[in-house]
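Visitor: What follows is the file upload-v2.cif, containing mmCIF, C-alpha atoms, pLDDT in the B column; chains and numbers go by the auth columns:
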```cif
data_entry
loop_
_atom_site.group_PDB
_atom_site.id
_atom_site.type_symbol
_atom_site.label_atom_id
_atom_site.label_comp_id
_atom_site.label_asym_id
_atom_site.label_seq_id
_atom_site.Cartn_x
_atom_site.Cartn_y
_atom_site.Cartn_z
_atom_site.B_iso_or_equiv
_atom_site.auth_seq_id
_atom_site.auth_asym_id
ATOM 1 C CA MET A 1 -39.936 -26.639 6.800 63.00 1309 A
ATOM 2 C CA GLU A 2 -38.690 -23.618 8.635 86.00 1310 A
ATOM 3 C CA LYS A 3 -35.132 -22.746 7.569 82.00 1311 A
ATOM 4 C CA ASP A 4 -34.195 -21.615 11.096 90.00 1312 A
ATOM 5 C CA TRP A 5 -35.353 -24.939 12.559 87.00 1313 A
ATOM 6 C CA LEU A 6 -33.292 -26.891 10.028 90.00 1314 A
ATOM 7 C CA GLU A 7 -30.190 -24.849 10.726 92.00 1315 A
ATOM 8 C CA ASN A 8 -30.706 -25.097 14.491 90.00 1316 A
ATOM 9 C CA TYR A 9 -31.121 -28.880 14.510 90.00 1317 A
ATOM 10 C CA SER A 10 -28.316 -29.338 12.014 93.00 1318 A
ATOM 11 C CA GLU A 11 -26.004 -27.622 14.510 94.00 1319 A
ATOM 12 C CA LYS A 12 -27.357 -29.730 17.373 96.00 1320 A
ATOM 13 C CA LEU A 13 -26.796 -32.924 15.393 95.00 1321 A
ATOM 14 C CA LYS A 14 -23.217 -31.840 14.678 96.00 1322 A
ATOM 15 C CA ALA A 15 -22.722 -31.264 18.392 97.00 1323 A
ATOM 16 C CA ILE A 16 -23.836 -34.787 19.325 97.00 1324 A
ATOM 17 C CA GLY A 17 -21.915 -36.219 16.368 96.00 1325 A
ATOM 18 C CA HIS A 18 -18.762 -36.530 18.472 96.00 1326 A
ATOM 19 C CA PRO A 19 -18.546 -39.875 20.344 95.00 1327 A
ATOM 20 C CA ILE A 20 -17.729 -38.292 23.713 95.00 1328 A
ATOM 21 C CA ARG A 21 -20.552 -35.761 23.457 97.00 1329 A
ATOM 22 C CA LEU A 22 -22.991 -38.457 22.361 95.00 1330 A
ATOM 23 C CA LYS A 23 -21.978 -40.568 25.355 93.00 1331 A
ATOM 24 C CA ILE A 24 -22.408 -37.565 27.671 95.00 1332 A
ATOM 25 C CA VAL A 25 -25.925 -36.954 26.349 96.00 1333 A
ATOM 26 C CA MET A 26 -26.793 -40.644 26.634 94.00 1334 A
ATOM 27 C CA GLY A 27 -25.599 -40.694 30.231 91.00 1335 A
ATOM 28 C CA LEU A 28 -27.436 -37.508 31.154 95.00 1336 A
ATOM 29 C CA LEU A 29 -30.768 -38.774 29.827 91.00 1337 A
ATOM 30 C CA GLU A 30 -31.423 -40.684 33.036 84.00 1338 A
ATOM 31 C CA ASN A 31 -29.215 -38.921 35.576 86.00 1339 A
ATOM 32 C CA GLU A 32 -28.062 -35.450 36.424 92.00 1340 A
ATOM 33 C CA CYS A 33 -24.297 -35.510 36.897 92.00 1341 A
ATOM 34 C CA ASN A 34 -21.520 -33.161 37.878 93.00 1342 A
ATOM 35 C CA VAL A 35 -18.282 -32.794 35.934 93.00 1343 A
ATOM 36 C CA THR A 36 -16.330 -35.087 38.255 92.00 1344 A
ATOM 37 C CA LYS A 37 -18.776 -37.990 37.794 93.00 1345 A
ATOM 38 C CA ILE A 38 -18.844 -37.427 34.041 93.00 1346 A
ATOM 39 C CA CYS A 39 -15.012 -37.360 33.886 92.00 1347 A
ATOM 40 C CA ASN A 40 -14.790 -40.583 35.855 91.00 1348 A
ATOM 41 C CA GLY A 41 -17.404 -42.280 33.674 89.00 1349 A
ATOM 42 C CA LEU A 42 -15.714 -41.217 30.458 90.00 1350 A
ATOM 43 C CA ASN A 43 -12.171 -41.640 31.753 92.00 1351 A
ATOM 44 C CA VAL A 44 -11.109 -38.317 30.212 93.00 1352 A
ATOM 45 C CA PRO A 45 -9.527 -35.235 31.825 95.00 1353 A
ATOM 46 C CA GLN A 46 -11.732 -32.555 33.359 93.00 1354 A
ATOM 47 C CA ALA A 47 -10.595 -29.947 30.834 95.00 1355 A
ATOM 48 C CA THR A 48 -11.694 -32.172 27.942 95.00 1356 A
ATOM 49 C CA THR A 49 -14.998 -32.959 29.610 95.00 1357 A
ATOM 50 C CA SER A 50 -15.667 -29.287 30.322 94.00 1358 A
ATOM 51 C CA GLN A 51 -14.942 -28.430 26.699 96.00 1359 A
ATOM 52 C CA HIS A 52 -17.476 -30.999 25.474 97.00 1360 A
ATOM 53 C CA LEU A 53 -20.050 -29.857 28.030 97.00 1361 A
ATOM 54 C CA GLY A 54 -19.550 -26.293 26.792 97.00 1362 A
ATOM 55 C CA VAL A 55 -20.355 -27.307 23.219 97.00 1363 A
ATOM 56 C CA LEU A 56 -23.523 -29.129 24.299 98.00 1364 A
ATOM 57 C CA LYS A 57 -24.561 -26.237 26.518 97.00 1365 A
ATOM 58 C CA SER A 58 -23.957 -23.645 23.782 97.00 1366 A
ATOM 59 C CA LYS A 59 -26.319 -25.560 21.473 97.00 1367 A
ATOM 60 C CA GLY A 60 -29.047 -25.715 24.141 96.00 1368 A
ATOM 61 C CA ILE A 61 -28.868 -29.496 24.498 97.00 1369 A
ATOM 62 C CA ILE A 62 -27.871 -29.528 28.168 98.00 1370 A
ATOM 63 C CA GLU A 63 -28.148 -27.128 31.061 97.00 1371 A
ATOM 64 C CA GLY A 64 -26.191 -26.796 34.275 95.00 1372 A
ATOM 65 C CA ARG A 65 -27.646 -26.210 37.721 94.00 1373 A
ATOM 66 C CA ARG A 66 -25.363 -24.967 40.480 93.00 1374 A
ATOM 67 C CA GLU A 67 -25.333 -26.886 43.775 87.00 1375 A
ATOM 68 C CA GLY A 68 -22.885 -25.142 46.075 90.00 1376 A
ATOM 69 C CA THR A 69 -19.498 -25.373 44.391 91.00 1377 A
ATOM 70 C CA THR A 70 -20.517 -27.960 41.790 91.00 1378 A
ATOM 71 C CA VAL A 71 -22.672 -27.800 38.686 93.00 1379 A
ATOM 72 C CA CYS A 72 -25.036 -30.664 37.839 95.00 1380 A
ATOM 73 C CA TYR A 73 -25.891 -31.115 34.173 97.00 1381 A
ATOM 74 C CA LYS A 74 -29.022 -32.515 32.555 96.00 1382 A
ATOM 75 C CA VAL A 75 -30.473 -32.813 29.050 97.00 1383 A
ATOM 76 C CA VAL A 76 -33.033 -30.064 28.428 97.00 1384 A
ATOM 77 C CA ASP A 77 -33.674 -30.422 24.679 96.00 1385 A
ATOM 78 C CA LYS A 78 -36.659 -32.764 24.546 95.00 1386 A
ATOM 79 C CA GLY A 79 -36.296 -33.408 20.802 94.00 1387 A
ATOM 80 C CA ILE A 80 -32.681 -34.522 21.149 96.00 1388 A
ATOM 81 C CA ALA A 81 -33.572 -36.577 24.248 96.00 1389 A
ATOM 82 C CA GLU A 82 -36.347 -38.431 22.415 96.00 1390 A
ATOM 83 C CA MET A 83 -34.164 -38.996 19.353 94.00 1391 A
ATOM 84 C CA ILE A 84 -31.345 -40.476 21.457 94.00 1392 A
ATOM 85 C CA LYS A 85 -33.791 -42.642 23.428 93.00 1393 A
ATOM 86 C CA LYS A 86 -35.165 -43.986 20.144 94.00 1394 A
ATOM 87 C CA LEU A 87 -31.626 -44.610 18.855 91.00 1395 A
ATOM 88 C CA ILE A 88 -30.824 -46.546 22.046 90.00 1396 A
ATOM 89 C CA GLU A 89 -34.016 -48.575 21.647 90.00 1397 A
ATOM 90 C CA VAL A 90 -33.615 -49.307 17.935 93.00 1398 A
ATOM 91 C CA CYS A 91 -29.935 -50.221 18.274 90.00 1399 A
ATOM 92 C CA ASN A 92 -30.565 -52.218 21.480 86.00 1400 A
ATOM 93 C CA ILE A 93 -27.794 -50.389 23.316 80.00 1401 A
ATOM 94 C CA GLU A 94 -27.094 -51.011 26.979 76.00 1402 A
ATOM 95 C CA LEU A 95 -26.090 -47.804 28.718 66.00 1403 A
ATOM 96 C CA ASP A 96 -22.920 -47.826 30.788 60.00 1404 A
ATOM 97 C CA CYS A 97 -22.605 -44.060 30.725 50.00 1405 A
ATOM 98 C CA PRO A 98 -21.716 -41.763 33.589 46.00 1406 A
#
```
Is it possible to express this structure as structure tokens?

Guide:
Amino acid sequence: MEKDWLENYSEKLKAIGHPIRLKIVMGLLENECNVTKICNGLNVPQATTSQHLGVLKSKGIIEGRREGTTVCYKVVDKGIAEMIKKLIEVCNIELDCP
């Protein structure tokens, strides 16, 4: 296996290893959301949410798209998206994410 790939995905897995970031990714699989909706869904302050979004964005897992004064986020890493979808399926999880 390519060493760069292993290091890259190891970092991505660390990023989604935090419960809040995992929940953000799970919620963004089906819906694009802005920070306000994500904050409300997670029940955490905007500063905390923005910090977690920054980590996910820096690892290339999510991407933001500006709509006027707001930014809508979505999952752009197809490998991570498929892995999380499989995890949801295997663990029979019902999503109640933002």

Visitor: Between A:Glu1338, A:Arg1374, A:Lys1367, A:His1360, which has the minimum distance to Ser1318 in chain A (counting all atoms listed in the file)?

Guide: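 Smallest distance to Ser1318 in chain A is found for A:Lys1367.
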
Visitor: Could you jot down the CA of Lys1393 in chain A to CA of Met1334 in chain A separation for me, Å, one decimal place?

Guide: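 Atom-to-atom, CA of Lys1393 in chain A to CA of Met1334 in chain A, that is 8.0 Å.
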
Visitor: Work out how far CA of Asn1316 in chain A is from CA of Ile1370 in chain A, in Å to one decimal.

Guide: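 CA of Ile1370 in chain A sits 14.7 Å away from CA of Asn1316 in chain A.
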
Visitor: Can you pull out every residue within 12 Å of Lys1345 in chain A, counting only C-alpha atoms, but drop anything in the same chain fewer than 2 positions away, and send it as a ChimeraX atom specification?

Guide: /A:1332,1335-1336,1339-1343,1347-1354,1357-1358,1378-1381,1405-1406

Visitor: What does the distance from CA of Gly1368 in chain A to CA of Lys1311 in chain A come to in Å, to one decimal?

Guide: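 Taking CA of Gly1368 in chain A and CA of Lys1311 in chain A, their separation equals 17.9 Å.
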
Visitor: Go ahead and fit an axis-aligned box to every listed atom of range 1390-1394 of chain A plus 8 Å each side, and pass me the centre and edge lengths in Å, one decimal, as AutoDock Vina command-line options.

Guide:
```
--center_x -33.8 --center_y -41.2 --center_z 21.4 --size_x 21.0 --size_y 21.6 --size_z 20.1
```
